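Trainee: Quick one, query-v8.txt (compact mmCIF, C-alpha atoms):
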```txt
# COMPACT_ATOMS: atom_id res chain seq x y z
CA MET Y 1 60.25 33.07 -7.85
CA TYR Y 2 60.56 29.62 -6.31
CA THR Y 3 60.79 28.43 -9.90
CA GLN Y 4 62.85 31.33 -11.20
CA ALA Y 5 65.45 29.01 -12.72
CA MET Y 6 62.81 28.32 -15.36
CA ASP Y 7 63.41 31.82 -16.56
CA THR Y 8 67.13 31.46 -16.49
CA ALA Y 9 67.27 28.22 -18.46
CA PRO Y 10 68.13 28.38 -22.17
CA LYS Y 11 65.18 28.44 -24.54
CA ASP Y 12 63.58 25.03 -24.81
CA ASP Y 13 62.54 24.63 -28.43
CA ALA Y 14 59.66 22.38 -29.35
CA PRO Y 15 60.83 19.17 -31.02
CA VAL Y 16 59.66 18.30 -34.50
CA VAL Y 17 56.37 16.42 -34.44
CA ARG Y 18 57.13 12.91 -35.65
CA SER Y 19 53.96 11.37 -37.01
CA LEU Y 20 50.45 12.18 -38.11
CA HIS Y 21 49.16 10.55 -34.93
CA ASP Y 22 51.38 12.82 -32.81
CA ALA Y 23 50.15 15.83 -34.74
CA GLU Y 24 46.54 14.88 -33.98
CA LEU Y 25 47.29 14.40 -30.30
CA GLN Y 26 49.16 17.68 -30.25
CA ALA Y 27 46.24 19.51 -31.87
CA ARG Y 28 43.80 18.00 -29.37
CA PHE Y 29 46.12 18.98 -26.50
CA ASP Y 30 46.45 22.57 -27.78
CA ALA Y 31 42.68 22.83 -28.12
CA ARG Y 32 42.19 21.68 -24.53
CA ILE Y 33 44.70 24.26 -23.28
CA ASP Y 34 43.02 27.01 -25.31
CA ASP Y 35 39.70 25.95 -23.90
CA GLY Y 36 41.07 26.40 -20.37
CA GLN Y 37 40.77 22.70 -19.55
CA PHE Y 38 43.02 20.87 -17.12
CA ILE Y 39 45.54 18.21 -18.08
CA GLU Y 40 45.71 15.18 -15.77
CA ALA Y 41 48.69 12.90 -15.15
CA LYS Y 42 47.64 10.12 -17.51
CA ASP Y 43 46.51 12.37 -20.36
CA TRP Y 44 48.66 12.66 -23.45
CA MET Y 45 50.97 15.66 -23.31
CA PRO Y 46 53.87 16.92 -25.46
CA GLU Y 47 57.28 15.79 -24.23
CA ASN Y 48 58.53 19.33 -23.65
CA TYR Y 49 55.38 20.25 -21.68
CA ARG Y 50 56.14 17.28 -19.43
CA ARG Y 51 59.83 18.14 -19.17
CA THR Y 52 59.11 21.79 -18.41
CA LEU Y 53 56.66 20.84 -15.68
CA VAL Y 54 59.02 18.35 -14.05
CA ARG Y 55 61.67 21.05 -13.96
CA GLN Y 56 59.35 23.75 -12.67
CA ILE Y 57 57.51 21.69 -10.05
CA SER Y 58 60.67 20.04 -8.73
CA GLN Y 59 62.43 23.42 -8.50
CA HIS Y 60 59.45 24.67 -6.58
CA ALA Y 61 59.63 21.64 -4.26
CA HIS Y 62 63.38 22.05 -3.75
CA SER Y 63 62.82 25.71 -2.83
CA GLU Y 64 60.33 24.73 -0.14
CA ILE Y 65 62.72 22.19 1.35
CA VAL Y 66 65.86 24.33 1.17
CA GLY Y 67 63.73 27.23 2.46
CA MET Y 68 63.37 25.35 5.75
CA LEU Y 69 67.07 25.90 6.47
CA PRO Y 70 67.35 29.69 6.91
CA GLU Y 71 64.35 29.63 9.28
CA GLY Y 72 65.27 26.42 11.03
CA ASN Y 73 68.37 28.33 12.06
CA TRP Y 74 66.21 30.34 14.50
CA ILE Y 75 63.92 27.70 16.01
CA SER Y 76 66.16 27.13 19.01
CA ARG Y 77 66.75 30.87 19.42
CA ALA Y 78 63.22 32.25 19.05
CA PRO Y 79 62.63 34.99 21.66
CA THR Y 80 59.53 33.43 23.27
CA LEU Y 81 57.82 30.06 23.46
CA LYS Y 82 54.94 31.46 21.39
CA ARG Y 83 57.27 32.57 18.60
CA LYS Y 84 59.05 29.24 18.74
CA ALA Y 85 55.79 27.31 18.33
CA ILE Y 86 54.77 29.56 15.42
CA LEU Y 87 58.13 29.16 13.71
CA LEU Y 88 58.07 25.38 14.17
CA ALA Y 89 54.60 25.26 12.61
CA LYS Y 90 55.75 27.38 9.70
CA VAL Y 91 58.85 25.29 9.00
CA GLN Y 92 56.72 22.16 9.23
CA ASP Y 93 54.37 23.71 6.65
CA GLU Y 94 57.30 24.29 4.28
CA GLY Y 95 58.19 20.61 4.57
CA GLY Y 96 54.58 19.74 3.76
CA HIS Y 97 54.58 22.10 0.78
CA GLY Y 98 57.71 20.46 -0.54
CA LEU Y 99 56.02 17.10 -0.19
CA TYR Y 100 52.83 18.12 -2.04
CA LEU Y 101 54.99 19.42 -4.86
CA TYR Y 102 57.29 16.41 -5.07
CA ALA Y 103 54.17 14.24 -5.26
CA ALA Y 104 52.87 16.39 -8.14
CA ALA Y 105 56.20 16.12 -9.97
CA GLU Y 106 56.21 12.35 -9.48
CA THR Y 107 52.92 12.04 -11.37
CA LEU Y 108 54.93 13.04 -14.45
CA GLY Y 109 57.05 9.91 -14.29
CA GLN Y 110 60.06 10.86 -12.18
CA SER Y 111 60.81 9.06 -8.93
CA ARG Y 112 61.32 10.96 -5.68
CA ASP Y 113 64.91 9.74 -5.52
CA GLN Y 114 65.62 11.00 -9.03
CA LEU Y 115 64.25 14.42 -8.12
CA LEU Y 116 66.28 14.60 -4.92
CA ASP Y 117 69.37 13.37 -6.70
CA ALA Y 118 69.05 16.27 -9.15
CA LEU Y 119 68.99 18.69 -6.21
CA HIS Y 120 71.88 17.06 -4.37
CA SER Y 121 74.10 16.86 -7.43
CA GLY Y 122 73.50 20.54 -8.17
CA LYS Y 123 71.73 19.74 -11.46
CA ALA Y 124 68.43 21.20 -10.27
CA LYS Y 125 68.04 24.73 -8.92
CA TYR Y 126 66.06 26.27 -6.09
CA SER Y 127 65.12 29.89 -5.46
CA SER Y 128 68.02 32.34 -5.13
CA ILE Y 129 66.42 33.89 -2.04
CA PHE Y 130 67.38 30.97 0.20
CA ASN Y 131 71.06 31.58 -0.41
CA TYR Y 132 71.01 34.63 1.84
CA PRO Y 133 71.80 34.29 5.58
CA THR Y 134 69.39 34.90 8.48
CA LEU Y 135 71.52 37.08 10.75
CA SER Y 136 69.02 38.29 13.37
CA TRP Y 137 65.58 37.45 14.73
CA ALA Y 138 64.17 40.32 12.65
CA ASP Y 139 65.16 38.33 9.54
CA ILE Y 140 62.57 35.71 10.46
CA GLY Y 141 59.78 38.28 10.58
CA THR Y 142 61.06 39.85 7.37
CA ILE Y 143 61.12 36.53 5.55
CA GLY Y 144 57.50 35.96 6.51
CA TRP Y 145 56.43 39.43 5.46
CA LEU Y 146 58.48 39.95 2.30
CA VAL Y 147 59.69 36.56 1.05
CA ASP Y 148 56.41 34.77 1.71
CA GLY Y 149 54.53 37.84 0.54
CA ALA Y 150 56.38 37.69 -2.78
CA ALA Y 151 55.83 33.93 -2.94
CA ILE Y 152 52.08 34.29 -2.45
CA MET Y 153 51.92 36.89 -5.21
CA ASN Y 154 53.54 34.42 -7.56
CA GLN Y 155 51.75 31.29 -6.37
CA VAL Y 156 48.15 32.44 -6.49
CA PRO Y 157 48.10 32.50 -10.33
CA ILE Y 158 49.63 28.99 -10.42
CA CYS Y 159 46.47 27.70 -8.72
CA ARG Y 160 45.03 27.97 -12.26
CA CYS Y 161 47.94 26.11 -13.88
CA SER Y 162 46.87 23.83 -16.74
CA TYR Y 163 48.50 20.81 -15.10
CA ALA Y 164 45.90 19.75 -12.56
CA PRO Y 165 48.07 17.94 -9.98
CA TYR Y 166 50.27 21.07 -9.75
CA ALA Y 167 47.24 23.36 -9.52
CA ARG Y 168 45.74 21.23 -6.74
CA ALA Y 169 49.00 21.31 -4.77
CA MET Y 170 49.16 25.08 -5.18
CA ILE Y 171 45.63 25.58 -3.89
CA ARG Y 172 46.52 23.70 -0.73
CA ILE Y 173 49.79 25.63 -0.38
CA CYS Y 174 48.21 29.05 -0.88
CA ARG Y 175 45.61 28.28 1.76
CA GLU Y 176 48.39 27.68 4.28
CA GLU Y 177 50.80 30.36 3.11
CA SER Y 178 48.74 33.33 4.24
CA PHE Y 179 49.50 32.45 7.87
CA HIS Y 180 53.20 32.66 7.02
CA GLN Y 181 53.04 36.22 5.81
CA ARG Y 182 50.78 37.41 8.61
CA GLN Y 183 52.87 35.91 11.40
CA GLY Y 184 55.96 37.60 9.94
CA TYR Y 185 54.35 41.00 9.79
CA ASP Y 186 52.97 40.48 13.29
CA ALA Y 187 56.44 39.64 14.66
CA LEU Y 188 57.90 42.80 13.09
CA LEU Y 189 55.02 44.92 14.34
CA VAL Y 190 55.76 43.86 17.92
CA MET Y 191 59.42 44.84 17.51
CA MET Y 192 58.58 48.19 15.92
CA GLN Y 193 55.81 49.13 18.34
CA SER Y 194 57.17 47.93 21.66
CA GLY Y 195 60.82 47.23 20.95
CA THR Y 196 63.93 49.09 22.05
CA ALA Y 197 65.77 51.40 19.66
CA ALA Y 198 68.20 48.57 18.97
CA GLN Y 199 65.37 46.17 18.12
CA LYS Y 200 63.80 48.69 15.75
CA ALA Y 201 67.16 49.18 14.08
CA MET Y 202 67.38 45.40 13.73
CA VAL Y 203 64.11 45.37 11.78
CA GLN Y 204 65.27 48.17 9.48
CA ASP Y 205 68.55 46.36 8.90
CA ALA Y 206 66.74 43.14 8.00
CA VAL Y 207 64.45 44.98 5.56
CA ASN Y 208 67.47 46.69 4.00
CA ARG Y 209 69.14 43.35 3.36
CA TRP Y 210 66.06 41.42 2.13
CA TRP Y 211 64.30 44.00 -0.05
CA TRP Y 212 66.38 43.71 -3.21
CA PRO Y 213 66.79 39.91 -3.11
CA CYS Y 214 62.98 39.74 -2.77
CA LEU Y 215 62.51 41.77 -5.94
CA MET Y 216 64.92 39.38 -7.67
CA MET Y 217 62.73 36.43 -6.66
CA PHE Y 218 60.35 37.27 -9.50
CA GLY Y 219 63.08 36.46 -11.99
CA PRO Y 220 64.68 38.39 -14.84
CA PRO Y 221 62.83 41.18 -16.67
CA ASP Y 222 60.25 40.01 -19.20
CA ASP Y 223 62.44 40.81 -22.20
CA GLN Y 224 65.17 38.53 -20.81
CA SER Y 225 62.94 35.60 -19.96
CA PRO Y 226 63.20 33.30 -22.99
CA ASN Y 227 60.76 30.60 -21.83
CA SER Y 228 57.98 32.88 -20.65
CA ALA Y 229 56.00 32.93 -23.89
CA GLN Y 230 55.88 29.13 -24.08
CA GLY Y 231 54.95 28.91 -20.41
CA MET Y 232 52.08 31.32 -21.00
CA ARG Y 233 50.97 29.40 -24.10
CA TRP Y 234 50.77 26.22 -22.03
CA GLY Y 235 48.96 27.83 -19.13
CA ILE Y 236 51.85 27.04 -16.78
CA LYS Y 237 52.84 30.66 -16.29
CA ARG Y 238 49.90 33.02 -15.95
CA VAL Y 239 51.36 36.44 -15.15
CA SER Y 240 54.69 37.91 -16.30
CA ASN Y 241 57.68 38.49 -13.98
CA ASP Y 242 57.60 42.28 -14.27
CA THR Y 243 53.85 42.48 -13.70
CA LEU Y 244 54.12 40.42 -10.52
CA ARG Y 245 57.12 42.41 -9.32
CA GLN Y 246 55.23 45.67 -9.80
CA LYS Y 247 52.23 44.29 -7.97
CA PHE Y 248 54.45 43.25 -5.07
CA VAL Y 249 56.11 46.67 -4.81
CA ASP Y 250 52.75 48.44 -4.91
CA ALA Y 251 51.31 46.21 -2.20
CA THR Y 252 54.36 46.46 0.06
CA VAL Y 253 54.81 50.25 0.21
CA ALA Y 254 51.76 50.84 2.41
CA GLN Y 255 52.67 47.90 4.65
CA ALA Y 256 56.17 49.31 5.17
CA LYS Y 257 54.76 52.70 6.07
CA LEU Y 258 52.42 51.23 8.65
CA LEU Y 259 55.25 49.21 10.09
CA GLY Y 260 57.47 52.29 10.29
CA VAL Y 261 60.35 51.05 8.15
CA THR Y 262 61.91 52.54 5.04
CA LEU Y 263 62.32 50.47 1.89
CA PRO Y 264 65.98 50.88 0.84
CA ASP Y 265 65.38 52.50 -2.53
CA PRO Y 266 65.73 56.29 -2.93
CA GLU Y 267 64.07 56.07 -6.35
CA LEU Y 268 60.91 54.45 -5.01
CA LYS Y 269 58.01 56.82 -5.56
CA TRP Y 270 54.40 56.92 -6.70
CA ASN Y 271 53.89 57.59 -10.39
CA GLU Y 272 50.51 59.24 -10.83
CA GLU Y 273 50.48 58.69 -14.58
CA ARG Y 274 51.17 54.95 -14.36
CA GLN Y 275 49.12 54.55 -11.17
CA ALA Y 276 52.01 52.47 -9.85
CA HIS Y 277 55.30 52.92 -8.01
CA ASP Y 278 58.52 53.58 -9.88
CA PHE Y 279 61.51 51.85 -8.35
CA GLY Y 280 65.28 51.75 -8.79
CA ALA Y 281 67.33 49.42 -10.98
CA ILE Y 282 67.83 45.87 -9.73
CA ASP Y 283 71.39 44.56 -9.54
CA TRP Y 284 71.03 41.69 -11.99
CA ALA Y 285 74.73 40.88 -11.75
CA GLU Y 286 74.14 39.88 -8.12
CA PHE Y 287 71.11 37.83 -9.16
CA TRP Y 288 73.07 35.83 -11.73
CA GLN Y 289 75.93 35.35 -9.31
CA VAL Y 290 73.55 33.79 -6.73
CA VAL Y 291 71.68 31.72 -9.33
CA ASN Y 292 74.97 30.38 -10.65
CA GLY Y 293 76.08 29.15 -7.25
CA ASP Y 294 78.08 32.02 -5.77
CA GLY Y 295 75.60 33.55 -3.32
CA PRO Y 296 76.48 33.99 0.36
CA CYS Y 297 75.10 30.57 1.43
CA ASN Y 298 74.81 28.35 -1.67
CA GLN Y 299 77.41 25.83 -0.56
CA GLU Y 300 76.25 25.73 3.05
CA ARG Y 301 72.60 25.13 2.08
CA LEU Y 302 73.32 22.33 -0.35
CA ALA Y 303 75.83 20.69 1.97
CA LYS Y 304 73.20 20.64 4.75
CA ARG Y 305 70.61 19.04 2.46
CA VAL Y 306 73.04 16.37 1.29
CA LYS Y 307 74.17 15.64 4.85
CA ALA Y 308 70.57 15.32 6.07
CA TRP Y 309 69.82 12.91 3.22
CA ASP Y 310 72.95 10.82 3.80
CA ASP Y 311 72.52 10.75 7.57
CA GLY Y 312 68.94 9.56 7.15
CA ALA Y 313 69.82 6.70 4.80
CA TRP Y 314 70.00 4.06 7.54
CA VAL Y 315 66.57 5.08 8.85
CA ARG Y 316 64.99 4.76 5.41
CA ASP Y 317 66.67 1.42 4.83
CA ALA Y 318 65.73 0.08 8.27
CA ALA Y 319 62.06 1.07 7.87
CA LEU Y 320 61.90 -0.63 4.49
CA ALA Y 321 63.65 -3.78 5.79
CA HIS Y 322 61.21 -3.91 8.70
CA ALA Y 323 58.20 -3.53 6.40
CA ARG Y 324 59.49 -6.30 4.10
CA LYS Y 325 60.10 -8.64 7.02
CA GLN Y 326 56.61 -8.02 8.40
CA ALA Y 327 55.11 -8.64 4.95
CA THR Y 328 57.00 -11.89 4.54
CA ARG Y 329 55.91 -13.09 7.99
CA ALA Y 330 52.30 -12.21 7.29
CA GLN Y 331 52.45 -14.17 4.06
CA ALA Y 332 53.97 -17.23 5.76
CA ALA Y 333 51.35 -17.23 8.53
CA MET J 1 66.91 3.29 -17.14
CA THR J 2 70.40 2.73 -15.70
CA ASP J 3 71.22 0.31 -12.90
CA THR J 4 71.52 3.13 -10.39
CA ASP J 5 68.06 4.38 -11.31
CA SER J 6 66.32 1.04 -10.88
CA ASN J 7 68.26 0.52 -7.69
CA ALA J 8 67.04 3.89 -6.43
CA VAL J 9 63.42 3.01 -7.20
CA GLN J 10 63.74 -0.32 -5.38
CA ASN J 11 64.95 1.44 -2.26
CA GLU J 12 62.23 4.06 -2.33
CA TRP J 13 59.39 3.74 0.15
CA PRO J 14 56.21 2.86 -1.74
CA LEU J 15 53.69 5.51 -2.70
CA TRP J 16 50.35 5.72 -0.86
CA GLU J 17 47.24 7.68 -1.77
CA VAL J 18 45.66 9.46 1.18
CA PHE J 19 41.92 9.98 1.71
CA VAL J 20 40.61 12.19 4.50
CA ARG J 21 37.13 12.44 6.02
CA SER J 22 36.85 16.09 6.97
CA ARG J 23 33.88 15.71 9.33
CA ALA J 24 31.75 12.88 10.65
CA GLY J 25 28.97 12.26 8.15
CA LEU J 26 30.98 13.20 5.05
CA ASP J 27 32.81 11.03 2.51
CA HIS J 28 36.51 10.33 2.61
CA LYS J 29 38.01 12.49 -0.10
CA HIS J 30 41.31 12.04 -1.92
CA CYS J 31 43.71 14.72 -0.77
CA GLY J 32 47.15 13.68 -1.97
CA SER J 33 49.88 11.10 -1.71
CA LEU J 34 53.01 10.33 0.24
CA HIS J 35 55.80 7.78 0.56
CA ALA J 36 55.86 5.47 3.58
CA SER J 37 57.45 2.13 4.34
CA ASP J 38 54.23 0.53 5.60
CA ALA J 39 50.55 1.20 6.28
CA LYS J 40 51.07 2.28 9.87
CA MET J 41 53.64 4.87 8.85
CA ALA J 42 51.44 6.03 5.97
CA ILE J 43 48.58 6.77 8.37
CA GLN J 44 50.91 8.55 10.76
CA MET J 45 52.43 10.69 8.01
CA GLY J 46 49.03 11.30 6.46
CA ARG J 47 48.03 12.84 9.75
CA ASP J 48 51.17 14.99 9.92
CA VAL J 49 51.01 16.14 6.32
CA TYR J 50 47.31 16.50 5.55
CA THR J 51 45.57 17.31 8.85
CA ARG J 52 47.80 19.90 10.50
CA ARG J 53 44.83 22.27 10.84
CA GLN J 54 42.08 19.91 11.87
CA GLU J 55 41.21 19.09 8.25
CA GLY J 56 40.09 15.60 9.17
CA CYS J 57 38.74 13.10 11.66
CA SER J 58 39.56 9.90 9.77
CA ILE J 59 42.22 8.80 7.24
CA TRP J 60 42.34 6.01 4.66
CA VAL J 61 45.57 5.10 2.92
CA VAL J 62 45.83 2.85 -0.13
CA ARG J 63 48.97 1.67 -1.88
CA ALA J 64 49.04 3.65 -5.15
CA ASP J 65 49.97 0.53 -7.13
CA GLN J 66 46.78 -1.17 -5.89
CA ILE J 67 44.47 1.37 -7.50
CA VAL J 68 42.85 0.39 -10.78
CA ALA J 69 41.69 3.34 -12.89
CA SER J 70 39.78 3.85 -16.09
CA ASP J 71 41.92 4.70 -19.11
CA PRO J 72 41.84 8.41 -20.06
CA ALA J 73 41.92 7.31 -23.71
CA ASP J 74 38.53 5.62 -23.16
CA LYS J 75 37.02 8.76 -21.70
CA ASP J 76 34.79 9.59 -24.66
CA ALA J 77 33.60 6.03 -25.20
CA TYR J 78 32.95 5.56 -21.50
CA PHE J 79 31.26 8.75 -20.46
CA ASP J 80 29.82 10.48 -23.52
CA PRO J 81 26.87 8.07 -24.03
CA MET J 82 25.29 9.63 -20.93
CA GLU J 83 25.18 13.00 -22.66
CA ASP J 84 21.98 12.29 -24.63
CA LYS J 85 20.10 10.60 -21.80
CA VAL J 86 18.51 13.74 -20.51
CA TYR J 87 15.44 11.75 -19.41
CA ARG J 88 17.55 10.51 -16.49
CA HIS J 89 17.28 13.94 -14.91
CA PRO J 90 14.19 15.16 -13.04
CA THR J 91 14.29 18.48 -14.91
CA PHE J 92 13.44 16.63 -18.16
CA TYR J 93 9.81 16.29 -17.06
CA LYS J 94 7.65 19.37 -17.33
CA LEU J 95 4.72 18.85 -15.02
CA PRO J 96 1.66 21.05 -14.41
CA ALA J 97 2.47 23.95 -12.08
CA GLU J 98 0.25 22.48 -9.33
CA VAL J 99 2.52 19.44 -8.92
CA ASP J 100 5.81 20.84 -10.23
CA HIS J 101 7.43 20.79 -6.79
CA MET J 102 7.31 16.96 -7.01
```
Show me the file's structure as structure tokens.
Mentor:
Amino acid sequence: MYTQAMDTAPKDDAPVVRSLHDAELQARFDARIDDGQFIEAKDWMPENYRRTLVRQISQHAHSEIVGMLPEGNWISRAPTLKRKAILLAKVQDEGGHGLYLYAAAETLGQSRDQLLDALHSGKAKYSSIFNYPTLSWADIGTIGWLVDGAAIMNQVPICRCSYAPYARAMIRICREESFHQRQGYDALLVMMQSGTAAQKAMVQDAVNRWWWPCLMMFGPPDDQSPNSAQGMRWGIKRVSNDTLRQKFVDATVAQAKLLGVTLPDPELKWNEERQAHDFGAIDWAEFWQVVNGDGPCNQERLAKRVKAWDDGAWVRDAALAHARKQATRAQAA
Amino acid sequence: MTDTDSNAVQNEWPLWEVFVRSRAGLDHKHCGSLHASDAKMAIQMGRDVYTRRQEGCSIWVVRADQIVASDPADKDAYFDPMEDKVYRHPTFYKLPAEVDHM
């Protein structure tokens, strides 16, 4: 998902507990987790719990911010003023979501600049999905419907994450995210119901291109996800990758039918025995290629982020210089 | 911390905690934080970030480094003594049915 790089990182082994005091704190922490209690920023926590959270929350934040780029691409080309206003509001929301999440990550002792530096230097990852291009207007509707739909499926369980600042940010995000999915479906519905043959074909083409990358958003299969068990133990991850992926497929089939598009998988069919849909094999080689930096837009996305940050440096510096000058004057007066 | 790190922190806009009053008559409630160079900008950004859907009618911002908080390690010593003072609650007193709505 937006934090799928967590699943692709090597296994993070727990360090040896150093002292009796640490062991006591660790035991108390484990008991609180088992009891379903929340951990707050200033509470004691194991170092690898902290490290895992910083990685996961910052990856999530980076995904929101980088996710503004594929959609921002269409703001100036939206077909109507109404669609333009909706898209602007959505992209603004993504910026806000990134901000809530950066703030949550900062409570764990990292500065905003350190987090951004990790993104800009390529050390930190963001979701593979944002390394695919948005070629037509139908891509914008499809992103809302499928990409945000998949994101919601993954994010709702994180509202119960054991780390309270993250859980609070997720509650706020989920409340806003539902508009994103609905506006996307609505945009596609208009094209499918009152569009020309070419516009309908555009929607089908967008769905064909986005379907498989969306399934990859949930991350590698459970048996290839080395950090999942620890994430579950800590109450950071609540539902497994494969379970969420299945849930997404099952929810989407009926929506596709109503919309009048075909999901590009000849093996997709209802399995009466499992009471779920069977679906075809995912191309994990493509997934790893995109995660490791060789997707269609990896370089372009990162270059845009770095340029925006560098170009804004003088504004940040000037605002700070102004504030310091005002403060000094106020003190002198 | 390396020189670059401390340099980065010095050039970061300070952190502000944001409190929003959702409706007239209600308390301001903490809703999150943001970075801003000064108070005026913090209010402006608080509006943009936390009230995009009419979630508020008033905003307070406070520099995060100005907040003094109780120590989580003192939690038990601070708050547990109230646990056995049940007589501070109205439900502790069983009154005759005739006056129990008191």
Trainee: Using all atoms listed in the file, which residues of chain Y come within 8 Å of chain J, and what is the closest atom pair for each, with the distance in Å to one decimal? Give it as JSON lines, sorted by chain and residue number.
Mentor:
```
{"residue": "Y:Lys42", "atom": "CA", "partner": "J:Pro72", "partner_atom": "CA", "distance": 6.6}
{"residue": "Y:Asp43", "atom": "CA", "partner": "J:Pro72", "partner_atom": "CA", "distance": 6.1}
{"residue": "Y:Gly96", "atom": "CA", "partner": "J:Val49", "partner_atom": "CA", "distance": 5.7}
{"residue": "Y:Leu99", "atom": "CA", "partner": "J:Leu34", "partner_atom": "CA", "distance": 7.4}
{"residue": "Y:Tyr100", "atom": "CA", "partner": "J:Gly32", "partner_atom": "CA", "distance": 7.2}
{"residue": "Y:Ala103", "atom": "CA", "partner": "J:Ser33", "partner_atom": "CA", "distance": 6.4}
{"residue": "Y:Ser111", "atom": "CA", "partner": "J:Val9", "partner_atom": "CA", "distance": 6.8}
{"residue": "Y:Arg112", "atom": "CA", "partner": "J:Glu12", "partner_atom": "CA", "distance": 7.7}
{"residue": "Y:Asp113", "atom": "CA", "partner": "J:Ala8", "partner_atom": "CA", "distance": 6.3}
{"residue": "Y:Gln114", "atom": "CA", "partner": "J:Asp5", "partner_atom": "CA", "distance": 7.4}
{"residue": "Y:Arg316", "atom": "CA", "partner": "J:Trp13", "partner_atom": "CA", "distance": 7.8}
{"residue": "Y:Asp317", "atom": "CA", "partner": "J:Asn11", "partner_atom": "CA", "distance": 7.3}
{"residue": "Y:Ala319", "atom": "CA", "partner": "J:Ser37", "partner_atom": "CA", "distance": 5.9}
{"residue": "Y:Leu320", "atom": "CA", "partner": "J:Ser37", "partner_atom": "CA", "distance": 5.2}
{"residue": "Y:Ala323", "atom": "CA", "partner": "J:Asp38", "partner_atom": "CA", "distance": 5.7}
```
Trainee: Figure out the distance between CA of Val61 in chain J and CA of Ala42 in chain J, please, to one decimal in Å.
Mentor: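 About the pair CA of Ala42 in chain J and CA of Val61 in chain J: they are 6.7 Å apart.
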Trainee: For the contact check between range 73-146 of chain Y and range 217-229 of chain Y, emit one row per residue of range 73-146 of chain Y within 8 Å, containing the shortest atom pair and the distance in Å rounded to one decimal, counting only C-alpha atoms, chain then rising number order, as JSON lines.
Mentor:
```
{"residue": "Y:Ser127", "atom": "CA", "partner": "Y:Met217", "partner_atom": "CA", "distance": 7.1}
{"residue": "Y:Ser128", "atom": "CA", "partner": "Y:Met217", "partner_atom": "CA", "distance": 6.9}
{"residue": "Y:Ile129", "atom": "CA", "partner": "Y:Met217", "partner_atom": "CA", "distance": 6.4}
```
Trainee: Rounded to one decimal, what separation in Å do you get between CA of Ser70 in chain J and CA of Glu40 in chain Y?
Mentor: 12.8 Å
Trainee: Please, what distance in Å, to one decimal, runs between CA of Gln44 in chain J and CA of Lys325 in chain Y?
Mentor: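 If I compute the distance from CA of Gln44 in chain J to CA of Lys325 in chain Y, I get 19.8 Å.
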Trainee: Show me, as a list in words, the residues that have an atom within 7 Å of Ala138 in chain Y when counting only C-alpha atoms, minus same-chain residues fewer than 6 positions from it.
Mentor: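 So the residues in contact are Leu188, Met202, Val203 and Ala206 of chain Y.
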Trainee: Please list as a PyMOL selection string every residue within 9 Å of Leu146 in chain Y, counting all atoms listed in the file and excluding residues in the same chain fewer than 5 positions away.
Mentor: chain Y and resi 141+151+181+184-185+207+210-211+214+252
Trainee: Write the residues you've just listed into a file as a PDB file, in the coordinates of the input, and include C-alpha atoms for each of them.
Mentor:
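The result, stored in out_36.pdb:
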```
ATOM      1  CA  GLY Y 141      59.780  38.280  10.580  1.00  0.00           C
ATOM      2  CA  ALA Y 151      55.830  33.930  -2.940  1.00  0.00           C
ATOM      3  CA  GLN Y 181      53.040  36.220   5.810  1.00  0.00           C
ATOM      4  CA  GLY Y 184      55.960  37.600   9.940  1.00  0.00           C
ATOM      5  CA  TYR Y 185      54.350  41.000   9.790  1.00  0.00           C
ATOM      6  CA  VAL Y 207      64.450  44.980   5.560  1.00  0.00           C
ATOM      7  CA  TRP Y 210      66.060  41.420   2.130  1.00  0.00           C
ATOM      8  CA  TRP Y 211      64.300  44.000  -0.050  1.00  0.00           C
ATOM      9  CA  CYS Y 214      62.980  39.740  -2.770  1.00  0.00           C
ATOM     10  CA  THR Y 252      54.360  46.460   0.060  1.00  0.00           C
TER      11      THR Y 252
END
```
Trainee: Considering all atoms listed in the file, return as a PDB file with C-alpha atoms, in the coordinates of the input whatever protein or nucleic-acid residues lie within 12 Å of Gln275 in chain Y, sequence-local ones (same chain, fewer than 5 positions apart) excluded.
Mentor:
```pdb
ATOM      1  CA  GLN Y 246      55.230  45.670  -9.800  1.00  0.00           C
ATOM      2  CA  LYS Y 247      52.230  44.290  -7.970  1.00  0.00           C
ATOM      3  CA  ASP Y 250      52.750  48.440  -4.910  1.00  0.00           C
ATOM      4  CA  LYS Y 269      58.010  56.820  -5.560  1.00  0.00           C
ATOM      5  CA  TRP Y 270      54.400  56.920  -6.700  1.00  0.00           C
TER       6      TRP Y 270
END
```
Trainee: Name all residues at most 10 Å from Val306 in chain Y (count all atoms listed in the file; drop same-chain ones fewer than 4 positions away) and give them as JSON, numbers by chain.
Mentor: {"Y": [116, 117, 119, 120, 121, 301, 302, 310, 311, 312]}
Trainee: Neighbouring residues of Gly144 in chain Y were defined as those with any atom within 10 Å, considering all atoms listed in the file; residues of the same chain fewer than 6 positions away were excluded. Please report them as a list in words.
Mentor: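 The neighbour list is Glu71, Leu87, Lys90, Ala150, Ala151, Glu177, Ser178, Phe179, His180, Gln181, Arg182, Gln183, Gly184, Tyr185, Asp186, Ala187 and Leu188 of chain Y.
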Trainee: Nearest to Arg83 in chain Y: which of Y:Ala105, Y:Val190, Y:Leu258, Y:Ala164 is it, counting all atoms listed in the file?
Mentor: Y:Val190
Trainee: Counting all atoms listed in the file, which residue out of Y:Trp288, Y:Phe130, Y:Trp44, Y:Tyr49 sits closest to Gly235 in chain Y?
Mentor: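 Smallest separation from Gly235 in chain Y among the options: Y:Tyr49.
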Trainee: Using only C-alpha atoms, pick whichever of Y:Leu25, Y:Ile140, Y:Ala321, Y:Ala332 has the shortest atom-to-atom distance to Gly67 in chain Y.
Mentor: Y:Ile140
Trainee: For range 127-131 of chain Y of the block above, can you save C-alpha atoms as a tab-separated table (two decimals), in the first residue's frame?
Mentor:
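Output saved as selection_2.tsv:
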```tsv
chain	number	residue	atom	x	y	z
Y	127	SER	CA	4.07	3.73	-3.02
Y	128	SER	CA	4.86	2.07	-6.35
Y	129	ILE	CA	1.50	3.17	-7.76
Y	130	PHE	CA	2.61	6.78	-8.21
Y	131	ASN	CA	5.32	5.76	-10.63
```
